[in-house]
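A.B. asks: For reference, the file coords06.cif (mmCIF, N, CA and C atoms) is included below:
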```cif
data_target
#
loop_
_atom_site.label_atom_id
_atom_site.label_comp_id
_atom_site.auth_asym_id
_atom_site.auth_seq_id
_atom_site.Cartn_x
_atom_site.Cartn_y
_atom_site.Cartn_z
N MET A 526 -61.59 -8.26 41.54
CA MET A 526 -62.08 -7.30 42.51
C MET A 526 -63.19 -6.48 41.86
N LEU A 527 -64.23 -6.29 42.60
CA LEU A 527 -65.34 -5.49 42.09
C LEU A 527 -65.00 -4.01 42.22
N THR A 528 -64.89 -3.37 41.09
CA THR A 528 -64.72 -1.92 41.02
C THR A 528 -65.67 -1.39 39.97
N ILE A 529 -65.92 -0.12 40.01
CA ILE A 529 -66.80 0.49 39.01
C ILE A 529 -66.22 0.28 37.62
N GLU A 530 -64.93 0.47 37.48
CA GLU A 530 -64.28 0.33 36.18
C GLU A 530 -64.37 -1.11 35.66
N ALA A 531 -64.14 -2.07 36.55
CA ALA A 531 -64.21 -3.48 36.16
C ALA A 531 -65.62 -3.86 35.75
N LEU A 532 -66.61 -3.36 36.47
CA LEU A 532 -68.00 -3.64 36.11
C LEU A 532 -68.35 -3.01 34.76
N GLN A 533 -67.89 -1.80 34.54
CA GLN A 533 -68.14 -1.14 33.26
C GLN A 533 -67.53 -1.94 32.11
N ALA A 534 -66.36 -2.50 32.33
CA ALA A 534 -65.70 -3.31 31.30
C ALA A 534 -66.50 -4.57 30.99
N GLN A 535 -67.32 -5.03 31.94
CA GLN A 535 -68.19 -6.20 31.75
C GLN A 535 -69.51 -5.82 31.08
N GLY A 536 -69.74 -4.54 30.85
CA GLY A 536 -70.97 -4.10 30.21
C GLY A 536 -72.05 -3.66 31.18
N VAL A 537 -71.68 -3.43 32.44
CA VAL A 537 -72.64 -3.00 33.45
C VAL A 537 -72.88 -1.50 33.30
N ASN A 538 -74.14 -1.09 33.41
CA ASN A 538 -74.50 0.32 33.40
C ASN A 538 -74.36 0.85 34.82
N THR A 539 -73.12 1.12 35.21
CA THR A 539 -72.86 1.51 36.60
C THR A 539 -73.48 2.86 36.94
N GLU A 540 -73.62 3.72 35.96
CA GLU A 540 -74.23 5.02 36.22
C GLU A 540 -75.66 4.84 36.72
N GLU A 541 -76.39 3.96 36.06
CA GLU A 541 -77.77 3.67 36.46
C GLU A 541 -77.82 2.99 37.83
N GLY A 542 -76.96 1.99 38.01
CA GLY A 542 -76.93 1.28 39.29
C GLY A 542 -76.55 2.18 40.44
N LEU A 543 -75.55 3.01 40.23
CA LEU A 543 -75.12 3.95 41.27
C LEU A 543 -76.22 4.95 41.61
N ALA A 544 -76.94 5.40 40.60
CA ALA A 544 -78.02 6.37 40.83
C ALA A 544 -79.07 5.77 41.77
N ARG A 545 -79.33 4.48 41.65
CA ARG A 545 -80.31 3.83 42.52
C ARG A 545 -79.78 3.68 43.95
N CYS A 546 -78.48 3.85 44.10
CA CYS A 546 -77.84 3.75 45.43
C CYS A 546 -77.36 5.12 45.89
N LEU A 547 -78.01 6.17 45.42
CA LEU A 547 -77.67 7.55 45.80
C LEU A 547 -76.20 7.87 45.54
N ASN A 548 -75.65 7.27 44.49
CA ASN A 548 -74.25 7.46 44.08
C ASN A 548 -73.25 7.09 45.17
N ASN A 549 -73.64 6.19 46.04
CA ASN A 549 -72.74 5.69 47.09
C ASN A 549 -72.04 4.45 46.54
N GLU A 550 -70.83 4.64 46.07
CA GLU A 550 -70.08 3.57 45.40
C GLU A 550 -69.87 2.35 46.29
N GLY A 551 -69.50 2.56 47.54
CA GLY A 551 -69.28 1.44 48.45
C GLY A 551 -70.55 0.62 48.66
N PHE A 552 -71.66 1.31 48.84
CA PHE A 552 -72.95 0.64 49.03
C PHE A 552 -73.32 -0.15 47.78
N TYR A 553 -73.14 0.47 46.62
CA TYR A 553 -73.46 -0.20 45.35
C TYR A 553 -72.62 -1.46 45.17
N LEU A 554 -71.33 -1.35 45.37
CA LEU A 554 -70.44 -2.51 45.18
C LEU A 554 -70.76 -3.61 46.20
N ASN A 555 -71.14 -3.24 47.40
CA ASN A 555 -71.55 -4.22 48.40
C ASN A 555 -72.81 -4.96 47.93
N LEU A 556 -73.78 -4.23 47.40
CA LEU A 556 -75.01 -4.86 46.91
C LEU A 556 -74.72 -5.77 45.72
N VAL A 557 -73.82 -5.36 44.85
CA VAL A 557 -73.46 -6.21 43.71
C VAL A 557 -72.86 -7.51 44.22
N GLY A 558 -71.95 -7.42 45.18
CA GLY A 558 -71.35 -8.62 45.75
C GLY A 558 -72.39 -9.55 46.36
N LYS A 559 -73.34 -8.98 47.08
CA LYS A 559 -74.41 -9.79 47.68
C LYS A 559 -75.30 -10.41 46.62
N ALA A 560 -75.59 -9.69 45.57
CA ALA A 560 -76.43 -10.20 44.48
C ALA A 560 -75.77 -11.40 43.82
N LEU A 561 -74.47 -11.36 43.67
CA LEU A 561 -73.76 -12.47 43.02
C LEU A 561 -73.78 -13.73 43.87
N GLU A 562 -74.03 -13.58 45.16
CA GLU A 562 -74.09 -14.72 46.08
C GLU A 562 -75.52 -15.23 46.28
N ASP A 563 -76.47 -14.66 45.58
CA ASP A 563 -77.89 -15.03 45.74
C ASP A 563 -78.07 -16.53 45.52
N ASP A 564 -78.70 -17.20 46.48
CA ASP A 564 -78.95 -18.64 46.39
C ASP A 564 -79.82 -19.02 45.20
N ASN A 565 -80.56 -18.07 44.68
CA ASN A 565 -81.42 -18.36 43.54
C ASN A 565 -80.62 -18.81 42.31
N PHE A 566 -79.37 -18.39 42.21
CA PHE A 566 -78.54 -18.87 41.09
C PHE A 566 -78.38 -20.39 41.16
N ASP A 567 -78.25 -20.91 42.37
CA ASP A 567 -78.07 -22.36 42.55
C ASP A 567 -79.38 -23.12 42.43
N GLN A 568 -80.49 -22.46 42.61
CA GLN A 568 -81.79 -23.12 42.61
C GLN A 568 -82.48 -23.11 41.26
N LEU A 569 -82.07 -22.23 40.36
CA LEU A 569 -82.77 -22.08 39.08
C LEU A 569 -82.69 -23.34 38.23
N ALA A 570 -81.50 -23.82 37.95
CA ALA A 570 -81.36 -24.98 37.07
C ALA A 570 -82.07 -26.22 37.62
N PRO A 571 -81.91 -26.55 38.91
CA PRO A 571 -82.63 -27.73 39.41
C PRO A 571 -84.15 -27.61 39.26
N ALA A 572 -84.69 -26.43 39.50
CA ALA A 572 -86.14 -26.25 39.36
C ALA A 572 -86.57 -26.46 37.91
N VAL A 573 -85.86 -25.83 37.00
CA VAL A 573 -86.21 -25.92 35.58
C VAL A 573 -85.99 -27.34 35.07
N ASN A 574 -84.87 -27.93 35.42
CA ASN A 574 -84.55 -29.28 34.93
C ASN A 574 -85.50 -30.34 35.48
N SER A 575 -86.12 -30.07 36.63
CA SER A 575 -87.09 -31.01 37.19
C SER A 575 -88.48 -30.82 36.58
N GLY A 576 -88.61 -29.79 35.74
CA GLY A 576 -89.89 -29.53 35.10
C GLY A 576 -90.81 -28.61 35.88
N ASP A 577 -90.33 -28.07 37.00
CA ASP A 577 -91.14 -27.16 37.80
C ASP A 577 -90.96 -25.74 37.25
N LEU A 578 -91.67 -25.46 36.15
CA LEU A 578 -91.52 -24.17 35.48
C LEU A 578 -92.07 -23.02 36.31
N LYS A 579 -93.08 -23.29 37.13
CA LYS A 579 -93.63 -22.24 37.99
C LYS A 579 -92.58 -21.81 39.01
N LYS A 580 -91.94 -22.77 39.66
CA LYS A 580 -90.89 -22.43 40.62
C LYS A 580 -89.72 -21.77 39.89
N GLY A 581 -89.37 -22.30 38.72
CA GLY A 581 -88.30 -21.70 37.92
C GLY A 581 -88.60 -20.25 37.60
N PHE A 582 -89.85 -19.97 37.25
CA PHE A 582 -90.24 -18.59 36.97
C PHE A 582 -90.07 -17.71 38.21
N GLU A 583 -90.53 -18.18 39.35
CA GLU A 583 -90.42 -17.39 40.58
C GLU A 583 -88.96 -17.06 40.90
N ILE A 584 -88.10 -18.05 40.73
CA ILE A 584 -86.67 -17.85 40.99
C ILE A 584 -86.08 -16.86 39.99
N ALA A 585 -86.36 -17.10 38.71
CA ALA A 585 -85.81 -16.22 37.66
C ALA A 585 -86.33 -14.80 37.82
N HIS A 586 -87.61 -14.67 38.14
CA HIS A 586 -88.21 -13.34 38.29
C HIS A 586 -87.56 -12.58 39.43
N SER A 587 -87.28 -13.27 40.53
CA SER A 587 -86.60 -12.65 41.66
C SER A 587 -85.21 -12.17 41.26
N LEU A 588 -84.47 -13.04 40.57
CA LEU A 588 -83.13 -12.65 40.11
C LEU A 588 -83.19 -11.46 39.16
N LYS A 589 -84.15 -11.50 38.27
CA LYS A 589 -84.30 -10.43 37.28
C LYS A 589 -84.47 -9.08 37.97
N GLY A 590 -85.28 -9.05 39.02
CA GLY A 590 -85.50 -7.79 39.73
C GLY A 590 -84.24 -7.26 40.38
N VAL A 591 -83.53 -8.13 41.06
CA VAL A 591 -82.29 -7.72 41.73
C VAL A 591 -81.26 -7.25 40.70
N LEU A 592 -81.06 -8.04 39.67
CA LEU A 592 -80.05 -7.71 38.66
C LEU A 592 -80.40 -6.45 37.89
N GLY A 593 -81.68 -6.26 37.63
CA GLY A 593 -82.12 -5.05 36.93
C GLY A 593 -81.91 -3.81 37.78
N ASN A 594 -82.23 -3.90 39.06
CA ASN A 594 -82.05 -2.75 39.94
C ASN A 594 -80.59 -2.35 40.07
N LEU A 595 -79.70 -3.32 39.97
CA LEU A 595 -78.26 -3.03 40.06
C LEU A 595 -77.64 -2.77 38.70
N ALA A 596 -78.45 -2.86 37.65
CA ALA A 596 -78.02 -2.61 36.27
C ALA A 596 -76.87 -3.52 35.84
N LEU A 597 -76.91 -4.78 36.30
CA LEU A 597 -75.91 -5.77 35.90
C LEU A 597 -76.33 -6.33 34.54
N THR A 598 -76.26 -5.51 33.54
CA THR A 598 -76.85 -5.71 32.22
C THR A 598 -76.61 -7.08 31.60
N PRO A 599 -75.38 -7.57 31.47
CA PRO A 599 -75.20 -8.86 30.81
C PRO A 599 -75.90 -10.02 31.53
N LEU A 600 -75.84 -10.01 32.83
CA LEU A 600 -76.48 -11.05 33.61
C LEU A 600 -78.00 -10.85 33.63
N TYR A 601 -78.42 -9.61 33.74
CA TYR A 601 -79.85 -9.28 33.71
C TYR A 601 -80.49 -9.76 32.41
N GLU A 602 -79.85 -9.48 31.29
CA GLU A 602 -80.43 -9.85 29.99
C GLU A 602 -80.57 -11.36 29.85
N ALA A 603 -79.59 -12.10 30.34
CA ALA A 603 -79.66 -13.56 30.27
C ALA A 603 -80.82 -14.08 31.12
N VAL A 604 -80.99 -13.52 32.31
CA VAL A 604 -82.06 -13.96 33.19
C VAL A 604 -83.42 -13.50 32.66
N ALA A 605 -83.48 -12.30 32.11
CA ALA A 605 -84.75 -11.78 31.58
C ALA A 605 -85.28 -12.67 30.46
N GLU A 606 -84.38 -13.17 29.64
CA GLU A 606 -84.78 -14.02 28.53
C GLU A 606 -85.48 -15.30 29.01
N ILE A 607 -84.89 -15.97 29.98
CA ILE A 607 -85.48 -17.21 30.48
C ILE A 607 -86.74 -16.91 31.30
N THR A 608 -86.77 -15.76 31.96
CA THR A 608 -87.92 -15.41 32.79
C THR A 608 -89.20 -15.38 31.96
N GLU A 609 -89.12 -14.79 30.78
CA GLU A 609 -90.32 -14.67 29.95
C GLU A 609 -90.77 -16.03 29.41
N LEU A 610 -89.82 -16.89 29.09
CA LEU A 610 -90.18 -18.24 28.65
C LEU A 610 -90.84 -19.02 29.78
N LEU A 611 -90.31 -18.87 30.98
CA LEU A 611 -90.87 -19.57 32.13
C LEU A 611 -92.23 -18.99 32.51
N ARG A 612 -92.38 -17.69 32.36
CA ARG A 612 -93.67 -17.07 32.66
C ARG A 612 -94.78 -17.69 31.80
N ALA A 613 -94.45 -17.93 30.53
CA ALA A 613 -95.41 -18.51 29.59
C ALA A 613 -95.46 -20.03 29.67
N GLU A 614 -94.63 -20.60 30.55
CA GLU A 614 -94.51 -22.06 30.70
C GLU A 614 -94.24 -22.73 29.35
N THR A 615 -93.36 -22.11 28.60
CA THR A 615 -92.97 -22.60 27.29
C THR A 615 -92.24 -23.93 27.43
N GLN A 616 -92.67 -24.91 26.66
CA GLN A 616 -92.00 -26.21 26.64
C GLN A 616 -90.86 -26.13 25.62
N THR A 617 -89.65 -26.07 26.12
CA THR A 617 -88.48 -25.94 25.26
C THR A 617 -87.27 -26.51 25.98
N ASP A 618 -86.17 -26.58 25.28
CA ASP A 618 -84.91 -27.00 25.89
C ASP A 618 -84.31 -25.77 26.57
N TYR A 619 -84.32 -25.77 27.87
CA TYR A 619 -83.84 -24.63 28.64
C TYR A 619 -82.32 -24.65 28.83
N ALA A 620 -81.67 -25.72 28.43
CA ALA A 620 -80.22 -25.84 28.66
C ALA A 620 -79.42 -24.67 28.13
N PRO A 621 -79.66 -24.20 26.89
CA PRO A 621 -78.86 -23.06 26.40
C PRO A 621 -79.08 -21.78 27.22
N TYR A 622 -80.29 -21.58 27.70
CA TYR A 622 -80.58 -20.40 28.50
C TYR A 622 -79.90 -20.48 29.87
N LEU A 623 -79.95 -21.66 30.46
CA LEU A 623 -79.29 -21.86 31.75
C LEU A 623 -77.78 -21.72 31.62
N GLU A 624 -77.24 -22.23 30.53
CA GLU A 624 -75.80 -22.13 30.28
C GLU A 624 -75.37 -20.66 30.13
N LYS A 625 -76.18 -19.90 29.43
CA LYS A 625 -75.88 -18.48 29.24
C LYS A 625 -75.85 -17.75 30.59
N ILE A 626 -76.81 -18.07 31.45
CA ILE A 626 -76.85 -17.47 32.79
C ILE A 626 -75.64 -17.91 33.60
N GLU A 627 -75.34 -19.20 33.56
CA GLU A 627 -74.20 -19.72 34.32
C GLU A 627 -72.89 -19.09 33.86
N GLN A 628 -72.72 -18.91 32.56
CA GLN A 628 -71.49 -18.30 32.05
C GLN A 628 -71.38 -16.83 32.48
N ALA A 629 -72.48 -16.10 32.37
CA ALA A 629 -72.45 -14.69 32.77
C ALA A 629 -72.20 -14.57 34.27
N HIS A 630 -72.86 -15.41 35.04
CA HIS A 630 -72.67 -15.40 36.50
C HIS A 630 -71.22 -15.73 36.84
N ALA A 631 -70.68 -16.75 36.19
CA ALA A 631 -69.29 -17.15 36.45
C ALA A 631 -68.31 -16.03 36.14
N SER A 632 -68.56 -15.29 35.07
CA SER A 632 -67.63 -14.21 34.72
C SER A 632 -67.66 -13.10 35.78
N PHE A 633 -68.84 -12.84 36.35
CA PHE A 633 -68.91 -11.85 37.43
C PHE A 633 -68.26 -12.37 38.70
N LEU A 634 -68.41 -13.66 38.97
CA LEU A 634 -67.76 -14.24 40.15
C LEU A 634 -66.24 -14.19 40.00
N GLN A 635 -65.74 -14.44 38.81
CA GLN A 635 -64.29 -14.34 38.57
C GLN A 635 -63.80 -12.92 38.79
N LEU A 636 -64.58 -11.97 38.34
CA LEU A 636 -64.24 -10.58 38.52
C LEU A 636 -64.19 -10.25 40.02
N ARG A 637 -65.20 -10.71 40.74
CA ARG A 637 -65.28 -10.47 42.19
C ARG A 637 -64.07 -11.07 42.90
N ASP A 638 -63.67 -12.27 42.49
CA ASP A 638 -62.63 -13.01 43.18
C ASP A 638 -61.21 -12.63 42.74
N ALA A 639 -61.10 -11.86 41.66
CA ALA A 639 -59.78 -11.45 41.17
C ALA A 639 -59.17 -10.43 42.14
N GLU A 640 -57.87 -10.49 42.25
CA GLU A 640 -57.20 -9.54 43.15
C GLU A 640 -56.48 -8.48 42.40
#
```
Could you show the structure in this file as structure tokens?

C.D. replies:
Amino acid sequence: MLTIEALQAQGVNTEEGLARCLNNEGFYLNLVGKALEDDNFDQLAPAVNSGDLKKGFEIAHSLKGVLGNLALTPLYEAVAEITELLRAETQTDYAPYLEKIEQAHASFLQLRDAE
């Protein structure tokens, strides 16, 4: 279940995220839930793995903005790392970066789905 305390335990800067939502906890938690369902999470790996680094950058950059605004720090940092590599169209093995994002995303989804 998404709670402020559970997010803090995951390393989220909830104070910063809440401030951007006028300290409305319900609104903030609703936005976090919606961010975790962003279709861009499903589109990032296929774009990068197909070699479309420009599309991968656009997807990662979009995620980075949403995650940064909500201060979802662990997930934001993973996405920010790949975003800069994609921006520069760096030719590298993106698998470790994608795995890091997938693991962070999965841990937040588990938190959301826990009762």

A.B. asks: Hey, what's within 12 Å of Ser632 of chain A if we count only C-alpha atoms and toss same-chain stuff fewer than 3 positions away? As a count of residues only, please?

C.D. replies: 21

A.B. asks: Quote the spacing between atom N of Gln568 of chain A and atom C of Gly593 of chain A in Å to one decimal place.

C.D. replies: 19.3 Å

A.B. asks: Hey, what's within 8 Å of Leu569 of chain A if we count only C-alpha atoms and toss same-chain stuff fewer than 2 positions away? As a PDB file with N, CA and C atoms, in the coordinates of the input, please?

C.D. replies:
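Below you can see result27.pdb, which holds the result:
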```pdb
ATOM      1  N   ASN A 565     -80.560 -18.070  44.680  1.00  0.00           N
ATOM      2  CA  ASN A 565     -81.420 -18.360  43.540  1.00  0.00           C
ATOM      3  C   ASN A 565     -80.620 -18.810  42.310  1.00  0.00           C
ATOM      4  N   PHE A 566     -79.370 -18.390  42.210  1.00  0.00           N
ATOM      5  CA  PHE A 566     -78.540 -18.870  41.090  1.00  0.00           C
ATOM      6  C   PHE A 566     -78.380 -20.390  41.160  1.00  0.00           C
ATOM      7  N   ASP A 567     -78.250 -20.910  42.370  1.00  0.00           N
ATOM      8  CA  ASP A 567     -78.070 -22.360  42.550  1.00  0.00           C
ATOM      9  C   ASP A 567     -79.380 -23.120  42.430  1.00  0.00           C
ATOM     10  N   PRO A 571     -81.910 -26.550  38.910  1.00  0.00           N
ATOM     11  CA  PRO A 571     -82.630 -27.730  39.410  1.00  0.00           C
ATOM     12  C   PRO A 571     -84.150 -27.610  39.260  1.00  0.00           C
ATOM     13  N   ALA A 572     -84.690 -26.430  39.500  1.00  0.00           N
ATOM     14  CA  ALA A 572     -86.140 -26.250  39.360  1.00  0.00           C
ATOM     15  C   ALA A 572     -86.570 -26.460  37.910  1.00  0.00           C
ATOM     16  N   VAL A 573     -85.860 -25.830  37.000  1.00  0.00           N
ATOM     17  CA  VAL A 573     -86.210 -25.920  35.580  1.00  0.00           C
ATOM     18  C   VAL A 573     -85.990 -27.340  35.070  1.00  0.00           C
ATOM     19  N   GLY A 581     -89.370 -22.300  38.720  1.00  0.00           N
ATOM     20  CA  GLY A 581     -88.300 -21.700  37.920  1.00  0.00           C
ATOM     21  C   GLY A 581     -88.600 -20.250  37.600  1.00  0.00           C
ATOM     22  N   ILE A 584     -88.100 -18.050  40.730  1.00  0.00           N
ATOM     23  CA  ILE A 584     -86.670 -17.850  40.990  1.00  0.00           C
ATOM     24  C   ILE A 584     -86.080 -16.860  39.990  1.00  0.00           C
ATOM     25  N   ALA A 585     -86.360 -17.100  38.710  1.00  0.00           N
ATOM     26  CA  ALA A 585     -85.810 -16.220  37.660  1.00  0.00           C
ATOM     27  C   ALA A 585     -86.330 -14.800  37.820  1.00  0.00           C
TER      28      ALA A 585
END
```

A.B. asks: Hey, what comes out of the PyMOL selection byres (((chain A and resi 601 and name CA) around 9) and name CA) on this file? Could you write it as a list of chain:residue names?

C.D. replies: A:Leu588, A:Lys589, A:Gly590, A:Val591, A:Leu592, A:Gly593, A:Ala596, A:Leu597, A:Thr598, A:Pro599, A:Leu600, A:Glu602, A:Ala603, A:Val604, A:Ala605, A:Glu606, A:Ile626

A.B. asks: Report, in Å with one decimal, the straight-line distance from atom CA of Lys579 of chain A to atom C of Glu562 of chain A.

C.D. replies: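 A separation of 21.1 Å between them.
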
A.B. asks: Quick check, in Å to one decimal: how far apart do atom CA of Gly542 of chain A and atom N of Asn555 of chain A lie?

C.D. replies: 10.9 Å

A.B. asks: Counting only C-alpha atoms, which residue out of A:Thr615, A:Glu624, A:Thr608, A:Asn594 sits closest to Arg545 of chain A?

C.D. replies: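 Among the listed residues, the smallest separation from Arg545 of chain A belongs to A:Asn594.
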
A.B. asks: Of the residues A:Leu595, A:Lys580, A:Ile607, A:Lys559, which is the one nearest to Ala544 of chain A, using only C-alpha atoms?

C.D. replies: A:Leu595

A.B. asks: Write down as a count of residues only the residues belonging to chain A that are assigned alpha helix (DSSP H) by DSSP computed on the backbone.

C.D. replies: 86
